[in-house]
Amino acid sequence: MASLQKDDDGFFNPVPPPAGSPSKDAKKPEAAKEAKPEDAAAPAADRPVSPENDLVKSTFEVSVTLADQQADPNSPLFSAKTFEELGISEDLLKGIYDMGFSKPSKIQERALPLLLSNPPTNMIGQSQSGTGKTAAFVLTMLSRIDFNLHKPQAICLAPSRELARQIMSVVITMGKYTAVQTEYGIKDNLPRDASNITAQIIVGNPGTMIDLMRRRVLDVTHIKVFVLDEADNMLDQDGLGDQTLRVKNLLPRNNNAQIILFSATFPDHVRAFAAKFAPSANKIELQKEELSVDSIRQFYMDCRDEEHKYDILVQLYQLLTIGQSIIFCKHRHTADRISQRMTAEGHKVASLHGAKDASERDAIIDRFREGKEKVLITTNVIARGIDILQVNMVVNYDLPLLNERDRSADERPDIETYIHRIGRTGRFGRKGVSINFVHDQRTWAQMEQIEQSLGRKIIRIETHDLDEMEEKMKKALK
Ligand SMILES: Nc1ncnc2c1ncn2[C@@H]1O[C@H](COP(=O)(O)OP(=O)(O)OP(=O)(O)O)[C@@H](O)[C@H]1O
């Protein structure tokens, strides 16, 4: 939890367009309405695929089945409708098709008509990781603002700097046929003596947003839409809850902004607060057993001790670098130490956490996004929201525990953070693998609790049999 709170810092760096960002003249795919499997592969073409490489190839091939998944009523990617039928403006439709989207996902199909209807109604929306929630709230912000009014009209808050930058890149890409103007509410983006923000959409972190509002750099008189991405985390009293509430309380008393909360998880202890925060909201909820995505195969490896965990990670290096991988540790110093050791032993890895300065953080995530680094060793700082399609493996070097959120002695696993961490792979129908390292009775029991909570089997992989390991991975990614 500590790392999540400390994310709201650093310097502004321009966001590179997301990998595979649209070409200027791109049009709606001809066969969008009746996408054939081959057509569906187009959105994934941004990934650096080497055809001679089995694992990457199989990950690539899975995207070919996207059209099938979007036609399966049981899939979270299913939709019976087209984007045209959801009431989206022409300019925004062009932006969407430029991004290679041909059909909405389930959450987009269900949420967009509710989000766009008048009078505006609040929304609490839940959908599995990687199923397209960002597009739903970004399209709402872009649909509701008056482009002729040069005042802030939509605020979007996210828990980390990295996620705010990613959301902004979606706003810019989707809104490229509109006259939208945007500004960051992330630390050190604006000079201290900045005057009034005239941009319409502001995306950032709550600490900086409070500062901008208090200093009246951010005039909130005209705010019509207020979005919380990763809303359960943004509202959690053990997380960013206080700061988020302060942002809301700084909006004018009579302000009727549409409040939109999205997340893949809404644990019981934040549900009541969420309902108070977004009164009379339309609600889209998941059942407990729907929380984790089928396309992510979950494994565990039984290590002897802490040192053995490191050895196994090194042995896994070849598999980790076939696509891209994210390794989650509990502490920043663990992430740094592993990264330094592996680097000294000749492996190419990067580490990212909240203690690094912001310009460095931006450079590290950008390099990873561009595929220049293949292995990223990190903390919970990027457990949520980060969308990098080519990530096909996540390793929980340390399992996430509740005591990282509330600094208590609570050694139970943090199920929500686990769901978000493994959700960095298996994005929008792609296959992915997660591996948990356990090394003693305690961590074993914690993993069993995760297994029980999610109602899913976590499969053992032997630590001494690299061939078996590779075999299982290949099968999982097929
Ligand atoms: N309709 C669509 N067709 C094809 N791709 C889509 C569509 N909607 C979203 N995507 C892509 O799916 C990926 C996942 O979307 P997004 O990041 O919005 O997921 P999310 O639901 O917010 O996940 P998380 O809970 O992890 O934050 C992105 O790469 C996005 O561009």
# chains A, B, ... in the order shown; residues from 1 in each chain; ligands from 1
$ residues_near_ligand --ligand "ligand 1" --cutoff "8 Å" --atoms "only C-alpha atoms and all ligand atoms" --output "number ranges by chain"
A: 43, 77, 99-105, 108, 127-136, 170, 229-230, 263-264, 384-389, 420, 423-424, 427-428
$ select_by_dssp --residues "segment 217-380 of chain A" --states "helix (DSSP H, G or I)" --output "ChimeraX atom specification"
/A:231-235,241-249,268-277,288-290,306-320,332-344,358-369,380
$ write_last_selection --atoms "C-alpha atoms" --output "mmCIF file, in the first residue's frame"
data_model
loop_
_atom_site.group_PDB
_atom_site.id
_atom_site.type_symbol
_atom_site.label_atom_id
_atom_site.label_comp_id
_atom_site.auth_asym_id
_atom_site.auth_seq_id
_atom_site.Cartn_x
_atom_site.Cartn_y
_atom_site.Cartn_z
ATOM 1 C CA ALA A 231 -12.110 3.094 -7.866
ATOM 2 C CA ASP A 232 -11.937 0.558 -5.026
ATOM 3 C CA ASN A 233 -8.326 1.529 -4.456
ATOM 4 C CA MET A 234 -9.077 5.230 -4.847
ATOM 5 C CA LEU A 235 -11.831 5.003 -2.215
ATOM 6 C CA GLY A 241 -9.656 7.316 0.112
ATOM 7 C CA ASP A 242 -9.024 10.491 2.088
ATOM 8 C CA GLN A 243 -7.401 12.311 -0.790
ATOM 9 C CA THR A 244 -10.064 11.265 -3.263
ATOM 10 C CA LEU A 245 -12.796 12.462 -0.946
ATOM 11 C CA ARG A 246 -11.011 15.783 -0.610
ATOM 12 C CA VAL A 247 -11.035 16.194 -4.391
ATOM 13 C CA LYS A 248 -14.758 15.545 -4.429
ATOM 14 C CA ASN A 249 -15.348 17.989 -1.594
ATOM 15 C CA ASP A 268 -17.203 -5.534 0.380
ATOM 16 C CA HIS A 269 -15.515 -2.999 2.613
ATOM 17 C CA VAL A 270 -15.563 -0.277 -0.063
ATOM 18 C CA ARG A 271 -18.942 -1.049 -1.660
ATOM 19 C CA ALA A 272 -20.962 0.982 0.817
ATOM 20 C CA PHE A 273 -18.630 3.951 0.538
ATOM 21 C CA ALA A 274 -18.685 3.688 -3.256
ATOM 22 C CA ALA A 275 -22.489 3.809 -3.224
ATOM 23 C CA LYS A 276 -22.377 6.924 -1.052
ATOM 24 C CA PHE A 277 -19.682 8.515 -3.179
ATOM 25 C CA LYS A 288 -17.185 -13.627 -7.203
ATOM 26 C CA GLU A 289 -16.482 -16.573 -9.483
ATOM 27 C CA GLU A 290 -16.198 -14.263 -12.495
ATOM 28 C CA GLU A 306 14.223 -17.134 -0.266
ATOM 29 C CA GLU A 307 17.527 -17.773 -2.008
ATOM 30 C CA HIS A 308 15.987 -20.607 -4.015
ATOM 31 C CA LYS A 309 13.315 -18.170 -5.230
ATOM 32 C CA TYR A 310 16.071 -16.054 -6.722
ATOM 33 C CA ASP A 311 17.714 -19.081 -8.351
ATOM 34 C CA ILE A 312 14.433 -20.159 -9.883
ATOM 35 C CA LEU A 313 13.755 -16.691 -11.239
ATOM 36 C CA VAL A 314 17.141 -16.729 -12.921
ATOM 37 C CA GLN A 315 16.426 -20.172 -14.360
ATOM 38 C CA LEU A 316 13.146 -18.846 -15.696
ATOM 39 C CA TYR A 317 14.873 -15.970 -17.485
ATOM 40 C CA GLN A 318 14.664 -17.544 -20.933
ATOM 41 C CA LEU A 319 10.947 -18.067 -20.572
ATOM 42 C CA LEU A 320 10.455 -14.614 -19.138
ATOM 43 C CA ARG A 332 11.285 -1.786 -3.280
ATOM 44 C CA HIS A 333 14.653 -2.936 -1.977
ATOM 45 C CA THR A 334 13.878 -6.522 -3.061
ATOM 46 C CA ALA A 335 13.065 -5.291 -6.567
ATOM 47 C CA ASP A 336 16.303 -3.316 -6.687
ATOM 48 C CA ARG A 337 18.406 -6.116 -5.228
ATOM 49 C CA ILE A 338 17.096 -8.751 -7.633
ATOM 50 C CA SER A 339 17.509 -6.427 -10.529
ATOM 51 C CA GLN A 340 21.101 -5.548 -9.540
ATOM 52 C CA ARG A 341 22.046 -9.193 -9.016
ATOM 53 C CA MET A 342 20.532 -10.345 -12.279
ATOM 54 C CA THR A 343 22.122 -7.469 -14.161
ATOM 55 C CA ALA A 344 25.513 -8.285 -12.626
ATOM 56 C CA ALA A 358 9.466 10.478 -11.665
ATOM 57 C CA SER A 359 11.434 11.167 -14.816
ATOM 58 C CA GLU A 360 13.239 7.879 -14.275
ATOM 59 C CA ARG A 361 9.920 6.087 -13.717
ATOM 60 C CA ASP A 362 8.571 7.526 -16.953
ATOM 61 C CA ALA A 363 11.660 6.441 -18.863
ATOM 62 C CA ILE A 364 11.559 2.905 -17.420
ATOM 63 C CA ILE A 365 7.881 2.250 -18.170
ATOM 64 C CA ASP A 366 8.221 3.789 -21.635
ATOM 65 C CA ARG A 367 11.163 1.535 -22.448
ATOM 66 C CA PHE A 368 9.229 -1.482 -21.218
ATOM 67 C CA ARG A 369 6.158 -0.447 -23.197
ATOM 68 C CA ASN A 380 2.466 -2.977 -6.344
#
$ residues_around --residues "Gly185 of chain A" --least-positions-apart "5" --cutoff "7 Å" --atoms "only C-alpha atoms" --output "PDB file with C-alpha atoms, in the first residue's frame"
ATOM      1  CA  ILE A 202      -7.539  16.642 -16.673  1.00  0.00           C
ATOM      2  CA  VAL A 203      -6.066  13.255 -15.796  1.00  0.00           C
ATOM      3  CA  GLY A 204      -3.933  12.763 -12.739  1.00  0.00           C
ATOM      4  CA  ASN A 205      -3.359  11.668  -9.179  1.00  0.00           C
ATOM      5  CA  THR A 208      -1.608  16.937  -7.242  1.00  0.00           C
ATOM      6  CA  MET A 209      -5.217  17.480  -8.197  1.00  0.00           C
TER       7      MET A 209
END
$ closest_residue --among "A:Lys81, A:Lys457, A:Arg161, A:Arg412" --to "Asp294 of chain A" --atoms "only C-alpha atoms"
A:Lys457
$ residues_around --residues "Ala111 of chain A" --least-positions-apart "4" --cutoff "10 Å" --atoms "only C-alpha atoms" --output "list in words"
Leu86, Ser105, Lys106, Ile107, Leu115, Leu116, Met123, Ile124, Gly125, Gln126, Lys133, Ala136, Phe137, Thr140, Asn282, Lys283 and Ile284 of chain A
$ write_last_selection --atoms "C-alpha atoms" --output "tab-separated table (two decimals), in the first residue's frame"
chain	number	residue	atom	x	y	z
A	86	LEU	CA	-24.10	2.71	-28.65
A	105	SER	CA	-16.70	-5.65	-25.18
A	106	LYS	CA	-19.46	-6.63	-22.75
A	107	ILE	CA	-18.70	-3.81	-20.30
A	115	LEU	CA	-23.13	6.48	-19.29
A	116	LEU	CA	-24.17	8.54	-22.30
A	123	MET	CA	-22.06	4.62	-12.60
A	124	ILE	CA	-20.33	1.96	-10.55
A	125	GLY	CA	-18.93	-0.44	-13.11
A	126	GLN	CA	-17.06	-3.67	-12.56
A	133	LYS	CA	-13.13	-0.24	-19.05
A	136	ALA	CA	-15.94	3.29	-21.60
A	137	PHE	CA	-15.03	6.17	-19.31
A	140	THR	CA	-17.93	9.35	-21.76
A	282	ASN	CA	-26.30	2.45	-12.25
A	283	LYS	CA	-24.40	-0.63	-11.17
A	284	ILE	CA	-22.71	-3.30	-13.22
$ closest_residue --among "A:Arg192, A:Arg442, A:Arg144, A:Lys330" --to "Asn396 of chain A" --atoms "only C-alpha atoms"
A:Lys330
$ residues_around --residues "Tyr177 of chain A" --least-positions-apart "2" --cutoff "12 Å" --atoms "only C-alpha atoms" --output "list in words"
Pro22, Lys24, Asp25, Ala26, Lys27, Ser89, Glu90, Asp91, Leu92, Leu93, Lys94, Gly95, Ile96, Tyr97, Asp98, Leu142, Phe147, Val171, Ile172, Thr173, Met174, Gly175, Ala179, Val180 and Gln181 of chain A
$ write_last_selection --atoms "C-alpha atoms" --output "PDB file, in the first residue's frame"
ATOM      1  CA  PRO A  22      -3.457   4.661 -35.098  1.00  0.00           C
ATOM      2  CA  LYS A  24      -3.803   9.109 -39.495  1.00  0.00           C
ATOM      3  CA  ASP A  25      -5.817   7.814 -42.393  1.00  0.00           C
ATOM      4  CA  ALA A  26      -6.957   4.645 -40.794  1.00  0.00           C
ATOM      5  CA  LYS A  27     -10.630   3.932 -41.291  1.00  0.00           C
ATOM      6  CA  SER A  89     -20.415  10.536 -32.106  1.00  0.00           C
ATOM      7  CA  GLU A  90     -18.867  10.210 -35.576  1.00  0.00           C
ATOM      8  CA  ASP A  91     -15.569  11.759 -34.539  1.00  0.00           C
ATOM      9  CA  LEU A  92     -15.193   9.377 -31.647  1.00  0.00           C
ATOM     10  CA  LEU A  93     -16.164   6.378 -33.775  1.00  0.00           C
ATOM     11  CA  LYS A  94     -13.314   7.276 -36.095  1.00  0.00           C
ATOM     12  CA  GLY A  95     -10.944   7.405 -33.115  1.00  0.00           C
ATOM     13  CA  ILE A  96     -12.138   4.000 -31.923  1.00  0.00           C
ATOM     14  CA  TYR A  97     -11.770   2.344 -35.314  1.00  0.00           C
ATOM     15  CA  ASP A  98      -8.324   3.886 -35.692  1.00  0.00           C
ATOM     16  CA  LEU A 142     -15.015  12.972 -24.586  1.00  0.00           C
ATOM     17  CA  PHE A 147     -15.063  21.679 -27.136  1.00  0.00           C
ATOM     18  CA  VAL A 171      -7.856  10.179 -24.306  1.00  0.00           C
ATOM     19  CA  ILE A 172      -5.538  11.683 -26.892  1.00  0.00           C
ATOM     20  CA  THR A 173      -5.778   8.750 -29.280  1.00  0.00           C
ATOM     21  CA  MET A 174      -9.553   8.340 -29.047  1.00  0.00           C
ATOM     22  CA  GLY A 175     -10.103  12.067 -29.203  1.00  0.00           C
ATOM     23  CA  ALA A 179     -10.685  19.441 -30.648  1.00  0.00           C
ATOM     24  CA  VAL A 180     -10.083  18.141 -27.133  1.00  0.00           C
ATOM     25  CA  GLN A 181      -7.421  19.759 -25.011  1.00  0.00           C
TER      26      GLN A 181
END
$ closest_residue --among "A:Ser351, A:Ser325, A:Gln258, A:Gln446" --to "Ala281 of chain A" --atoms "only C-alpha atoms"
A:Gln258
$ select_by_dssp --residues "segment 198-358 of chain A" --states "strand (DSSP E)" --output "CSV table (one decimal) with N, CA and C atoms, in the first residue's frame"
chain,number,residue,atom,x,y,z
A,201,ILE,N,-10.0,18.2,-20.4
A,201,ILE,CA,-9.9,16.9,-19.6
A,201,ILE,C,-8.6,16.9,-18.8
A,202,ILE,N,-8.7,16.7,-17.5
A,202,ILE,CA,-7.5,16.6,-16.7
A,202,ILE,C,-7.4,15.2,-16.1
A,203,VAL,N,-6.3,14.6,-16.3
A,203,VAL,CA,-6.1,13.3,-15.8
A,203,VAL,C,-4.9,13.3,-14.8
A,204,GLY,N,-5.1,12.7,-13.7
A,204,GLY,CA,-3.9,12.8,-12.7
A,204,GLY,C,-4.1,12.0,-11.5
A,225,VAL,N,-17.9,15.7,-15.5
A,225,VAL,CA,-17.7,14.3,-15.3
A,225,VAL,C,-16.5,14.1,-14.3
A,226,PHE,N,-16.7,13.2,-13.4
A,226,PHE,CA,-15.6,12.9,-12.4
A,226,PHE,C,-15.4,11.4,-12.4
A,227,VAL,N,-14.3,11.0,-12.9
A,227,VAL,CA,-14.0,9.5,-13.0
A,227,VAL,C,-13.0,9.1,-12.0
A,228,LEU,N,-13.2,7.9,-11.4
A,228,LEU,CA,-12.2,7.3,-10.6
A,228,LEU,C,-11.9,5.9,-11.3
A,229,ASP,N,-10.7,5.8,-11.8
A,229,ASP,CA,-10.3,4.5,-12.3
A,229,ASP,C,-9.7,3.8,-11.1
A,258,GLN,N,-21.3,14.1,-13.2
A,258,GLN,CA,-21.6,12.6,-13.3
A,258,GLN,C,-20.4,11.9,-12.7
A,259,ILE,N,-20.6,11.1,-11.7
A,259,ILE,CA,-19.5,10.4,-11.0
A,259,ILE,C,-19.4,8.9,-11.6
A,260,ILE,N,-18.3,8.6,-12.0
A,260,ILE,CA,-18.1,7.3,-12.7
A,260,ILE,C,-17.0,6.5,-12.0
A,261,LEU,N,-17.3,5.4,-11.4
A,261,LEU,CA,-16.3,4.5,-10.7
A,261,LEU,C,-16.2,3.2,-11.5
A,262,PHE,N,-14.9,2.9,-11.8
A,262,PHE,CA,-14.7,1.6,-12.5
A,262,PHE,C,-13.5,0.9,-11.8
A,263,SER,N,-13.7,-0.4,-11.8
A,263,SER,CA,-12.6,-1.3,-11.3
A,263,SER,C,-12.9,-2.8,-11.7
A,282,ASN,N,-26.1,3.7,-11.6
A,282,ASN,CA,-26.3,2.4,-12.3
A,282,ASN,C,-25.2,1.5,-11.9
A,283,LYS,N,-25.5,0.3,-11.6
A,283,LYS,CA,-24.4,-0.6,-11.2
A,283,LYS,C,-24.2,-1.8,-12.1
A,284,ILE,N,-23.0,-2.1,-12.5
A,284,ILE,CA,-22.7,-3.3,-13.2
A,284,ILE,C,-21.7,-4.1,-12.4
A,296,ILE,N,-6.0,-16.5,-18.2
A,296,ILE,CA,-4.8,-16.5,-17.4
A,296,ILE,C,-4.6,-17.8,-16.7
A,297,ARG,N,-3.6,-18.6,-17.0
A,297,ARG,CA,-3.4,-19.8,-16.4
A,297,ARG,C,-2.5,-19.6,-15.2
A,298,GLN,N,-2.9,-20.1,-14.0
A,298,GLN,CA,-2.2,-19.8,-12.8
A,298,GLN,C,-1.4,-21.0,-12.3
A,299,PHE,N,-0.1,-20.7,-12.1
A,299,PHE,CA,0.8,-21.8,-11.6
A,299,PHE,C,1.5,-21.4,-10.3
A,300,TYR,N,2.1,-22.4,-9.6
A,300,TYR,CA,2.9,-22.0,-8.5
A,300,TYR,C,4.2,-22.9,-8.5
A,301,MET,N,5.2,-22.4,-7.9
A,301,MET,CA,6.5,-23.2,-7.8
A,301,MET,C,6.9,-23.2,-6.3
A,302,ASP,N,7.2,-24.4,-5.9
A,302,ASP,CA,7.5,-24.6,-4.5
A,302,ASP,C,9.0,-24.5,-4.2
A,324,GLN,N,7.1,-10.7,-22.8
A,324,GLN,CA,7.5,-9.8,-21.7
A,324,GLN,C,7.0,-10.2,-20.4
A,325,SER,N,7.6,-9.9,-19.3
A,325,SER,CA,7.2,-10.3,-18.0
A,325,SER,C,7.3,-9.2,-16.9
A,326,ILE,N,6.4,-9.4,-16.0
A,326,ILE,CA,6.5,-8.5,-14.8
A,326,ILE,C,6.6,-9.3,-13.6
A,327,ILE,N,7.6,-9.0,-12.8
A,327,ILE,CA,7.9,-9.7,-11.5
A,327,ILE,C,7.5,-8.8,-10.4
A,328,PHE,N,6.6,-9.2,-9.5
A,328,PHE,CA,6.1,-8.4,-8.4
A,328,PHE,C,6.8,-8.8,-7.1
A,350,ALA,N,14.9,-4.6,-15.7
A,350,ALA,CA,14.7,-3.2,-15.2
A,350,ALA,C,13.9,-3.3,-13.9
A,351,SER,N,14.1,-2.3,-13.1
A,351,SER,CA,13.2,-2.3,-11.9
A,351,SER,C,12.5,-0.9,-11.8
A,352,LEU,N,11.3,-1.0,-11.3
A,352,LEU,CA,10.5,0.2,-11.2
A,352,LEU,C,9.7,0.2,-9.9
$ atom_distance --atom1 "atom CA of Leu477 of chain A" --atom2 "atom CA of Ile435 of chain A"
13.2 Å
$ atom_distance --atom1 "atom CA of Ile415 of chain A" --atom2 "atom CA of Leu402 of chain A"
8.3 Å
$ atom_distance --atom1 "atom CA of Arg215 of chain A" --atom2 "atom CA of Asp193 of chain A"
10.0 Å
